[in-house]
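A quick write-up on the structure given underneath.
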Amino acid sequence: MINSLFNRSTVVRRLRVVCLLLIVISVALPVVAAAQDDAGKGFLDFLYFSGYKQTYDYSTSAQDLTVSYIASIIQAFLGLLGVIFFLVILYGGWLWMMAGGNEEQLTQAKHLLRDAIIGLAIVFAAYAV
């Protein structure tokens with residue numbers, strides 16, 4: 001009974017389900033909170049109230065609106081990538097701790113952590129641009 005609860009495939013499957021639920025909740029919760037707001041001015045106000053502090057002037061041109069909209073989407077995407085890399089780093093650390101002297105699993109954890117840190121550096125560089 002205990003072995004079936006803690007075998008590798010069961011733990012990995014449960015970890016994937018938990019990560020997927022966390023991602024869905026973190027994406028859906030701000031939308032639900034924005035639905036309670038009666039501003040009714042659209043997606044850019046939702047982004048503003050979600051923490052993206054780009055000001056939006058309704059008297060701007062359509063080109064400015066498009067650029068602002070695309071920039072907000074890119075920032076949200078890069079933020080989501082940062083969360084994903086953070087979760088990969090946590091998973092790599094968990095793999096390392098659970099290796100228990102298994103060199104193959106330890107090497108896999110080291111490669112996963114190295115790749116996640118490189119990916120995170122790329123996301124930070126893209127966010128800086």
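In the structure tokens, each chain is lettered A, B, ... as it comes, each chain's residues begin at 1, and ligands are numbered from 1 in order of appearance.
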
* Excluding A:Ile23 and residues on its chain fewer than 6 positions from it, collect all residues at most 10 Å away from it, counting only C-alpha atoms, and give them as a ChimeraX atom specification. => /A:17,80,83-84

All residues 12 Å or closer to A:Phe85, only C-alpha atoms, same chain fewer than 6 positions away omitted, as a CSV table (one decimal) with all heavy atoms, in the first residue's frame:
chain,number,residue,atom,x,y,z
A,19,CYS,N,0.8,21.1,-10.1
A,19,CYS,CA,1.3,22.2,-10.9
A,19,CYS,C,0.3,22.8,-11.9
A,19,CYS,O,0.2,24.0,-12.0
A,19,CYS,CB,2.6,21.8,-11.6
A,19,CYS,SG,4.0,21.5,-10.6
A,78,LEU,N,5.9,36.7,-20.2
A,78,LEU,CA,7.2,36.5,-19.6
A,78,LEU,C,7.0,36.3,-18.1
A,78,LEU,O,7.8,35.5,-17.5
A,78,LEU,CB,8.0,37.7,-19.8
A,78,LEU,CG,8.5,37.9,-21.3
A,78,LEU,CD1,9.3,39.2,-21.4
A,78,LEU,CD2,9.4,36.8,-21.7
A,79,GLY,N,6.0,36.9,-17.5
A,79,GLY,CA,5.7,36.6,-16.1
A,79,GLY,C,5.3,35.1,-15.8
A,79,GLY,O,5.8,34.5,-14.9
A,91,TYR,N,11.2,21.6,-8.7
A,91,TYR,CA,11.2,20.2,-9.0
A,91,TYR,C,12.6,19.6,-9.1
A,91,TYR,O,12.9,18.5,-8.6
A,91,TYR,CB,10.5,20.0,-10.3
A,91,TYR,CG,10.5,18.5,-10.8
A,91,TYR,CD1,9.8,17.6,-10.1
A,91,TYR,CD2,11.1,18.1,-11.9
A,91,TYR,CE1,9.8,16.3,-10.5
A,91,TYR,CE2,11.1,16.8,-12.3
A,91,TYR,CZ,10.5,15.9,-11.6
A,91,TYR,OH,10.5,14.6,-12.0
A,92,GLY,N,13.6,20.4,-9.7
A,92,GLY,CA,14.9,19.9,-9.7
A,92,GLY,C,15.5,19.8,-8.3
A,92,GLY,O,16.3,18.8,-8.1
A,112,LEU,N,18.7,19.5,-14.9
A,112,LEU,CA,17.4,20.2,-14.9
A,112,LEU,C,17.6,21.6,-14.2
A,112,LEU,O,17.1,22.6,-14.7
A,112,LEU,CB,16.4,19.4,-14.1
A,112,LEU,CG,14.9,19.9,-14.1
A,112,LEU,CD1,14.4,19.8,-15.5
A,112,LEU,CD2,14.1,19.0,-13.2
A,113,LEU,N,18.3,21.7,-13.1
A,113,LEU,CA,18.6,22.9,-12.5
A,113,LEU,C,19.4,23.9,-13.3
A,113,LEU,O,19.1,25.1,-13.4
A,113,LEU,CB,19.3,22.7,-11.1
A,113,LEU,CG,18.4,22.1,-10.0
A,113,LEU,CD1,19.3,21.7,-8.8
A,113,LEU,CD2,17.4,23.2,-9.6
A,114,ARG,N,20.4,23.3,-14.0
A,114,ARG,CA,21.2,24.2,-14.9
A,114,ARG,C,20.4,24.7,-16.0
A,114,ARG,O,20.5,25.9,-16.3
A,114,ARG,CB,22.4,23.3,-15.4
A,114,ARG,CG,23.4,24.2,-16.3
A,114,ARG,CD,24.2,23.3,-17.2
A,114,ARG,NE,23.4,22.6,-18.1
A,114,ARG,CZ,23.7,21.4,-18.6
A,114,ARG,NH1,24.8,20.8,-18.3
A,114,ARG,NH2,22.8,20.8,-19.5
A,115,ASP,N,19.6,23.9,-16.7
A,115,ASP,CA,18.8,24.3,-17.8
A,115,ASP,C,17.7,25.4,-17.3
A,115,ASP,O,17.4,26.3,-18.0
A,115,ASP,CB,18.1,23.2,-18.5
A,115,ASP,CG,19.1,22.2,-19.1
A,115,ASP,OD1,20.3,22.6,-19.3
A,115,ASP,OD2,18.7,21.1,-19.4
A,116,ALA,N,17.2,25.2,-16.1
A,116,ALA,CA,16.2,26.1,-15.6
A,116,ALA,C,16.8,27.5,-15.3
A,116,ALA,O,16.2,28.5,-15.6
A,116,ALA,CB,15.5,25.5,-14.4
A,117,ILE,N,18.0,27.5,-14.8
A,117,ILE,CA,18.7,28.7,-14.5
A,117,ILE,C,19.0,29.5,-15.8
A,117,ILE,O,18.9,30.7,-15.9
A,117,ILE,CB,19.9,28.5,-13.6
A,117,ILE,CG1,19.4,28.1,-12.2
A,117,ILE,CG2,20.8,29.7,-13.5
A,117,ILE,CD1,20.5,27.6,-11.3
A,118,ILE,N,19.5,28.7,-16.8
A,118,ILE,CA,19.8,29.4,-18.1
A,118,ILE,C,18.5,29.9,-18.7
A,118,ILE,O,18.5,31.1,-19.2
A,118,ILE,CB,20.4,28.3,-19.0
A,118,ILE,CG1,21.8,28.0,-18.5
A,118,ILE,CG2,20.5,28.9,-20.4
A,118,ILE,CD1,22.5,26.8,-19.3
A,119,GLY,N,17.4,29.2,-18.6
A,119,GLY,CA,16.1,29.7,-19.1
A,119,GLY,C,15.6,30.9,-18.4
A,119,GLY,O,15.1,31.8,-18.9
A,120,LEU,N,15.8,30.9,-17.0
A,120,LEU,CA,15.4,32.0,-16.2
A,120,LEU,C,16.2,33.3,-16.6
A,120,LEU,O,15.7,34.4,-16.7
A,120,LEU,CB,15.6,31.7,-14.8
A,120,LEU,CG,14.9,32.6,-13.8
A,120,LEU,CD1,13.4,32.7,-14.0
A,120,LEU,CD2,15.1,32.1,-12.4
A,121,ALA,N,17.5,33.1,-16.8
A,121,ALA,CA,18.4,34.2,-17.3
A,121,ALA,C,17.9,34.8,-18.6
A,121,ALA,O,17.9,36.0,-18.8
A,121,ALA,CB,19.8,33.8,-17.4
A,122,ILE,N,17.5,33.9,-19.5
A,122,ILE,CA,17.0,34.3,-20.8
A,122,ILE,C,15.7,35.1,-20.6
A,122,ILE,O,15.5,36.2,-21.3
A,122,ILE,CB,16.8,33.1,-21.8
A,122,ILE,CG1,18.1,32.5,-22.1
A,122,ILE,CG2,16.0,33.5,-23.0
A,122,ILE,CD1,18.0,31.2,-22.9
A,123,VAL,N,14.8,34.7,-19.7
A,123,VAL,CA,13.6,35.4,-19.5
A,123,VAL,C,13.8,36.7,-18.9
A,123,VAL,O,13.2,37.8,-19.3
A,123,VAL,CB,12.6,34.5,-18.6
A,123,VAL,CG1,11.5,35.4,-18.1
A,123,VAL,CG2,12.1,33.3,-19.3
A,124,PHE,N,14.8,36.8,-17.9
A,124,PHE,CA,15.1,38.1,-17.3
A,124,PHE,C,15.7,39.1,-18.4
A,124,PHE,O,15.4,40.2,-18.4
A,124,PHE,CB,16.1,37.9,-16.2
A,124,PHE,CG,15.5,37.5,-14.9
A,124,PHE,CD1,16.2,36.7,-14.0
A,124,PHE,CD2,14.2,37.8,-14.6
A,124,PHE,CE1,15.7,36.3,-12.8
A,124,PHE,CE2,13.6,37.4,-13.4
A,124,PHE,CZ,14.4,36.7,-12.5

* **From A:Met97, A:Val88, A:Leu106, A:Ala71, residue lying nearest A:Tyr127 [only C-alpha atoms]** => A:Ala71

* To do: Using atom CA of A:Ala126 and atom CA of A:Val27 as the two end points, give the distance in Å to one decimal.
  => 21.4 Å

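Going from atom CA of A:Lys110 over to atom CA of A:Trp96, you cover 7.4 Å.
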
* Coordinates-based distance that separates atom CA of A:Ile70 from atom CA of A:Ala125 (Å, one decimal) ->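 Separation between atom CA of A:Ala125 and atom CA of A:Ile70: 18.1 Å.
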